[in-house]
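**Q** Handing you a structure now.
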Amino acid sequence: MNTPFLYASNCLFIFLFLLLCSGKLFSNSPGWESYSKERICETSTFGSYTWILTNQNVIRYNLNTRQKTIFDKNNTGIFFGCYGHIYADHSGRVWVSCCNLLNPITGQRVILAMYDGSTWTSYTASDLGASFTSGILNFTEDSSGKIYFGFGKGFTSYWNGIFESRTIPPLINYVPDVNSITLDSLEEIWLATDAGYFHFDGNQFLDFALPGKSAFYDSLGNYGGVESIAFERNGTMWLGSTDQSRNCNGLYKYENGNFTKFDSLNSPLATWNVQQIKIDRNNVKWIRNNSKVYWHDNGSFATFPVVDSLGSISTISIDSNDIKWFNAYSAELVSFDNAHFKKLNFQTNTLPDYTQSIGTDTSGGIYCGGQTRESIAHYDGSNWTSLPIPSHSSTLTQLSIVAVDRNNVLWVICQEKEVHRYDGVNWTTFDSTNSPLGDCQFYSIYIDDLNRVWLSSFSEGLIYYYSGSTWHTYDLKPILNDRTLNFQTIGFSPGGIGCIAVEDHGLIRYDGVNTTQFLLPALMYPNGDIRKIQYSTTYGLMFLLSNGNYSAIKIFDGITVTPLDDLNSHLYSNFADYHTAYSFVTSDSAVWMAGADGPMRWEGNIFTIFTQFNSDFYGYNATSAIEKDESGRIYFGGQYLNIYTSYSVITSIQAPISDDAILTFPNPVTDWISIQSEKPIAYWKLSDLSGRRIANSGNSILPSSFRINFGNLICGLYILELNIGEKSSFQKIIKE
């Protein structure tokens with residue numbers, strides 16, 4: 001037995017136990033955790049590894065062990081994604097085009113990265129040669145191991161640590177845009193451009209054109225654009241055009257000085273938009289045409305249902321083992337080894353394409369609304385699941401808006417029309433058969449402090465609110481003497497008093513009986529719309545205003561309008577740049593905003609914009625939805641879901657509250673622990689010593705007596721939080 005190790009372990013356990021008993025527990029530091037819907041941009045395979053570029057990282061997937069290694073900005077310092085390209089060369093190096101985002105800290109833009117098996121090296125435009133402009137395209141390689149890749153106006157080569165870039169000379173004052181690069185059977189360079197295709201013979205560029213187009217760019221719109229080029233081993237050339245002009249489009253075969261054209265007249269191909277051509281060892285052509293894959297061999301075309309099942313194909317690649325890989329900018333891949341198809345799925349969450357609304361429950365779970373199909377994404381803090389929406393097809397994309405009321409009931413609007421309610425067990429759909437909701441357009445769900453659910457009908461002038469089990473209707477048209485009203489937003493003062501912003505009518509106060517109208521021109525600075533109304537215990541009734549260029553936050557006490565800052569101007573007047581906010585929440589004295597520049601936090605005289613360069617925030621900065629849960633976490637939606645924890649999840653450990661009569665046994669526990677309480681428990685949450693959530697109760701209604709399974713947990717010390725109304729009891733649980 002290792003006595004020193006045992007002694008050290010016991011000391012650590014005693015220290016942690018004393019720390020708990022002292023009433024203080026320091027857990028994970030403040031910071032971001034980020035998620036996005038997995039989208040594969042491109043793949044490249046060499047040896048036993050398939051390298052996968054996604055919208056936020058690079059995945060090295062071992063085909064033998066099925067193990068994944070993730071490379072992202074957190075462990076490489078490089079921001080991947082942005083619809084880029086990836087290539088694993090014959091020496092095992094991996095090349096990735098990067099996002100070309102300006103790092104304000106270094107003043108540089110990383111546009112290319114290379115991994116040599118142990119170290120990532122990043123390159124800026126200045127590293128790639130004086131002729132390099134921008135926009136790295138696909139990669140290729142000759143038999144000596146020299147790497148080539150296209151860029152916006154030419155191509156770059158890499159050999160023995162040296163980059164050399166060349167630009168296509170102007171054609172009648174126009175430099176064509178490069179679409180792709182390839183090598184012919186003699187390993188000479190060919191470029192597909194928007195104005196024909198070019199051959200570089202080692203000294204000069206030679207311009208060629210598709211049939212029906214002159215050798216040079218003209219101003220008649222007949223550009224003869226070529227998207228892709230591929231060569232058979234015998235020198236036969238294949239070209240794909242995306243040009244919509246009547247003379248130059250479709251798939252072209254060039255052999256013995258003659259062109260043969262394939263389009264909708266003599267093949268199953270669409271008339272135009274041949275985006276990619278790959279040729280395998282058997283001279284079989286794999287053609288991506290209008291996001292669909294066609295197989296072409298000796299004059300015949302075919303498609304494969306298993307490939308079609310991916311949806312709109314975004315890239316085709318063929319590896320050194322002649323295995324074909326297909327992806328559709330989703331989490332799935334399909335491979336074909338010339339005999340069998342295999343499907344791989346890298347999905348780790350159920351997020352929508354774009355998170356446009358967020359609902360939080362009392363147990364720390366969230367629901368994400370946005371462009372989805374048949375379900376709502378739910379995250380309980382540990383696991384992602386899909387919550388199916390009644391009567392929704394998986395083939396039809398739905399715009400969903402979500403909110404969670406104070407009883408943890410989920411509310412969903414789909415396609416701006418359908419209103420659904422989910423209580424954790426059953427769905428209820430409200431329509432004209434069981435509610436006064438008519439054929440209205442609903443863009444938001446509002447919930448007041450009395451737990452009433454409000455809907456505004458945009459231009460119909462009707463407000464609906466759900467109280468108890470009944471819908472009520474409030475018609476503002478006769479009150480404001482206007483038949484067409486455009487609602488901007490709704491907020492609430494304490495007691496459920498509604499504050500309704502109406503275009504050209506100011507602010508309407510509705511207490512359930514009386515209506516008061518405030519014109520308040522002072523609220524309209526800077527001549528914009530009211531985007532968000534929120535009541536804060538720190539500031540009072542707050543308004544976010546925006547005119548599309550910059551924003552302001554103001555406070556209204558019923559008489560006076562006051563800007564939030566001390567400069568009697570809009571919020572950001574003491575900063576060099578103006579910033580636009582779409583929505584906001586408050587957390588103590590801090591104001592958090594979601595906007596075009598990303599997450600923003602204002603704390604009186606301190607203004608912070610969080611980016612991928614100064615924090616663990618992830619994404620392209622712009623955010624839309626914002627929400628705060630009862631623990632103080634801040635959630636930002638958009639292309640990425642980012643969650644900010646401003647303090648330790650567990651800040652203190654309390655002894656069980658005796659008058660709540662909570663009984664927890666056995667402790668220590670081996671498999672199941674029993675919980676008994678005389679008062680209803682709203683939810684429970686189990687965390688480890690780092691503050692990481694292990695499990696929770698979700699939205700289920702808890703009985704007075706229930707059990708929690710510890711059987712699958714490793715031995716150690718855990719913290720069990722039991723919430724009873726506004727109180728929480730923290731239990732120290734030892735798992736043996």
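As shown in the structure tokens, the chain order sets the letters A, B, ...; within each chain, residues go from 1, and ligands are also counted from 1 in the order they appear.
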Using only C-alpha atoms, tabulate the residues of segment 296-390 of chain A lying at most 12 Å from any atom of segment 123-144 of chain A, each with its closest atom pair and that distance in Å to one decimal, by chain and increasing residue number, as a Markdown table.
**A**
| residue | atom | partner | partner_atom | distance |
| --- | --- | --- | --- | --- |
| A:Thr315 | CA | A:Asn138 | CA | 10.9 |
| A:Ile316 | CA | A:Asn138 | CA | 11.7 |
| A:Ser317 | CA | A:Asn138 | CA | 10.9 |
| A:Ile318 | CA | A:Thr140 | CA | 11.9 |
| A:Asp319 | CA | A:Thr140 | CA | 11.9 |
| A:Ser320 | CA | A:Glu141 | CA | 11.9 |
**Q** To one decimal place, how far is atom CA of Asn327 of chain A from atom CA of Ile229 of chain A in Å?
**A**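 Atom-to-atom, atom CA of Asn327 of chain A to atom CA of Ile229 of chain A, that is 20.0 Å.
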**Q** So which one's closest to Tyr644 of chain A, A:Trp602, A:Tyr354, A:Trp592, A:Phe442? Using only C-alpha atoms, please.
**A**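 Of A:Trp602, A:Tyr354, A:Trp592, A:Phe442, the one nearest Tyr644 of chain A is A:Trp592, counting only C-alpha atoms.
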**Q** Find the residues near segment 148-152 of chain A: any atom within 12 Å, counting only C-alpha atoms, skip ones fewer than 5 places away on the same chain, and give them as a ChimeraX atom specification.
**A** /A:84-87,89,95-97,111-112,125,128-129,131-143,157-159,162-168,175-183,187-194,228
**Q** Since we have the selection now, will you write its residues out, keeping N, CA and C atoms, as a compact mmCIF listing (two decimals), in the first residue's frame?
**A**
# COMPACT_ATOMS: atom_id res chain seq x y z
N GLY A 84 -14.84 27.04 -43.40
CA GLY A 84 -13.51 26.96 -43.96
C GLY A 84 -13.21 25.63 -44.63
N HIS A 85 -11.89 25.38 -44.82
CA HIS A 85 -11.41 24.19 -45.50
C HIS A 85 -10.34 23.52 -44.65
N ILE A 86 -10.21 22.19 -44.81
CA ILE A 86 -9.23 21.42 -44.06
C ILE A 86 -8.60 20.39 -44.98
N TYR A 87 -7.30 20.12 -44.75
CA TYR A 87 -6.61 19.15 -45.60
C TYR A 87 -5.52 18.45 -44.79
N ASP A 89 -2.30 16.35 -45.22
CA ASP A 89 -1.39 16.06 -46.32
C ASP A 89 -0.73 14.69 -46.14
N TRP A 95 -3.79 21.08 -42.47
CA TRP A 95 -3.90 22.49 -42.83
C TRP A 95 -5.35 22.92 -42.71
N VAL A 96 -5.58 24.08 -42.08
CA VAL A 96 -6.93 24.57 -41.85
C VAL A 96 -6.99 26.06 -42.18
N SER A 97 -7.98 26.45 -42.98
CA SER A 97 -8.23 27.88 -43.17
C SER A 97 -9.02 28.40 -41.98
N ILE A 111 -5.24 33.53 -40.59
CA ILE A 111 -6.01 33.05 -41.73
C ILE A 111 -5.69 31.60 -42.09
N LEU A 112 -4.58 31.06 -41.56
CA LEU A 112 -4.18 29.70 -41.88
C LEU A 112 -3.53 29.09 -40.65
N ALA A 125 -1.69 36.95 -43.18
CA ALA A 125 -1.54 37.21 -44.60
C ALA A 125 -0.11 37.56 -44.96
N LEU A 128 2.26 34.71 -45.95
CA LEU A 128 1.99 33.91 -47.14
C LEU A 128 2.52 34.53 -48.42
N GLY A 129 3.25 35.61 -48.33
CA GLY A 129 3.82 36.22 -49.52
C GLY A 129 3.15 37.53 -49.86
N SER A 131 2.02 38.72 -52.57
CA SER A 131 0.90 38.71 -53.52
C SER A 131 -0.38 38.16 -52.93
N PHE A 132 -0.30 37.61 -51.73
CA PHE A 132 -1.51 37.01 -51.14
C PHE A 132 -2.51 38.11 -50.80
N THR A 133 -3.79 37.84 -51.10
CA THR A 133 -4.84 38.81 -50.75
C THR A 133 -5.69 38.26 -49.61
N SER A 134 -6.67 37.41 -49.90
CA SER A 134 -7.54 36.90 -48.83
C SER A 134 -8.33 35.71 -49.34
N GLY A 135 -9.01 35.02 -48.43
CA GLY A 135 -9.96 33.98 -48.79
C GLY A 135 -9.34 32.67 -49.22
N ILE A 136 -8.84 31.89 -48.26
CA ILE A 136 -8.23 30.60 -48.58
C ILE A 136 -9.30 29.62 -49.05
N LEU A 137 -8.98 28.93 -50.15
CA LEU A 137 -9.90 27.96 -50.74
C LEU A 137 -9.38 26.55 -50.50
N ASN A 138 -9.72 25.62 -51.38
CA ASN A 138 -9.35 24.23 -51.14
C ASN A 138 -7.85 24.01 -51.30
N PHE A 139 -7.36 22.89 -50.71
CA PHE A 139 -5.96 22.52 -50.74
C PHE A 139 -5.76 21.35 -51.70
N THR A 140 -4.53 21.24 -52.23
CA THR A 140 -4.13 20.07 -53.01
C THR A 140 -2.63 19.87 -52.83
N GLU A 141 -2.10 18.78 -53.36
CA GLU A 141 -0.71 18.41 -53.09
C GLU A 141 -0.15 17.61 -54.26
N ASP A 142 1.12 17.84 -54.60
CA ASP A 142 1.73 17.05 -55.65
C ASP A 142 2.50 15.87 -55.05
N SER A 143 3.10 15.06 -55.91
CA SER A 143 3.74 13.82 -55.45
C SER A 143 4.98 14.07 -54.61
N SER A 157 1.71 28.39 -52.75
CA SER A 157 2.38 27.10 -52.60
C SER A 157 3.23 27.11 -51.33
N TYR A 158 3.46 25.92 -50.78
CA TYR A 158 4.28 25.79 -49.57
C TYR A 158 5.24 24.64 -49.78
N TRP A 159 6.54 24.95 -49.58
CA TRP A 159 7.56 23.92 -49.76
C TRP A 159 8.77 24.27 -48.89
N ILE A 162 8.61 27.50 -46.86
CA ILE A 162 8.49 28.78 -47.56
C ILE A 162 7.15 28.85 -48.30
N PHE A 163 6.42 29.95 -48.09
CA PHE A 163 5.19 30.23 -48.83
C PHE A 163 5.52 31.13 -50.03
N GLU A 164 4.85 30.86 -51.15
CA GLU A 164 4.97 31.72 -52.31
C GLU A 164 3.59 31.90 -52.93
N SER A 165 3.16 33.14 -53.10
CA SER A 165 1.83 33.43 -53.63
C SER A 165 1.92 34.11 -54.99
N ARG A 166 0.97 33.78 -55.86
CA ARG A 166 0.90 34.38 -57.19
C ARG A 166 -0.54 34.82 -57.45
N THR A 167 -0.68 35.96 -58.12
CA THR A 167 -1.99 36.52 -58.44
C THR A 167 -2.20 36.48 -59.95
N ILE A 168 -3.43 36.15 -60.37
CA ILE A 168 -3.78 36.16 -61.79
C ILE A 168 -3.69 37.59 -62.32
N VAL A 175 -9.58 41.31 -62.40
CA VAL A 175 -8.88 40.13 -61.91
C VAL A 175 -9.92 39.13 -61.44
N PRO A 176 -10.01 37.96 -62.07
CA PRO A 176 -11.07 37.00 -61.72
C PRO A 176 -10.95 36.52 -60.28
N ASP A 177 -12.08 36.12 -59.74
CA ASP A 177 -12.14 35.52 -58.41
C ASP A 177 -11.96 34.01 -58.54
N VAL A 178 -11.02 33.46 -57.78
CA VAL A 178 -10.72 32.04 -57.83
C VAL A 178 -11.75 31.26 -57.00
N ASN A 179 -12.23 30.15 -57.55
CA ASN A 179 -13.18 29.29 -56.85
C ASN A 179 -12.55 28.02 -56.32
N SER A 180 -11.59 27.44 -57.04
CA SER A 180 -10.93 26.22 -56.59
C SER A 180 -9.64 26.02 -57.34
N ILE A 181 -8.79 25.12 -56.83
CA ILE A 181 -7.51 24.80 -57.43
C ILE A 181 -7.38 23.29 -57.53
N THR A 182 -6.71 22.82 -58.60
CA THR A 182 -6.46 21.39 -58.74
C THR A 182 -5.19 21.20 -59.57
N LEU A 183 -4.68 19.96 -59.62
CA LEU A 183 -3.52 19.61 -60.42
C LEU A 183 -3.94 18.62 -61.49
N GLU A 187 0.73 17.19 -62.95
CA GLU A 187 0.91 17.95 -61.72
C GLU A 187 1.14 19.43 -61.99
N GLU A 188 0.50 19.93 -63.03
CA GLU A 188 0.49 21.36 -63.28
C GLU A 188 -0.80 21.97 -62.74
N ILE A 189 -0.78 23.27 -62.46
CA ILE A 189 -1.83 23.94 -61.69
C ILE A 189 -2.93 24.46 -62.61
N TRP A 190 -4.18 24.24 -62.17
CA TRP A 190 -5.36 24.77 -62.85
C TRP A 190 -6.25 25.45 -61.81
N LEU A 191 -6.79 26.59 -62.21
CA LEU A 191 -7.66 27.37 -61.33
C LEU A 191 -9.03 27.55 -61.98
N ALA A 192 -10.08 27.28 -61.22
CA ALA A 192 -11.45 27.59 -61.65
C ALA A 192 -11.79 28.97 -61.12
N THR A 193 -12.30 29.84 -61.98
CA THR A 193 -12.62 31.21 -61.58
C THR A 193 -14.01 31.59 -62.07
N ASP A 194 -14.43 32.79 -61.69
CA ASP A 194 -15.74 33.28 -62.12
C ASP A 194 -15.71 33.80 -63.54
N SER A 228 -15.42 24.29 -60.48
CA SER A 228 -14.55 23.17 -60.13
C SER A 228 -13.94 22.56 -61.37
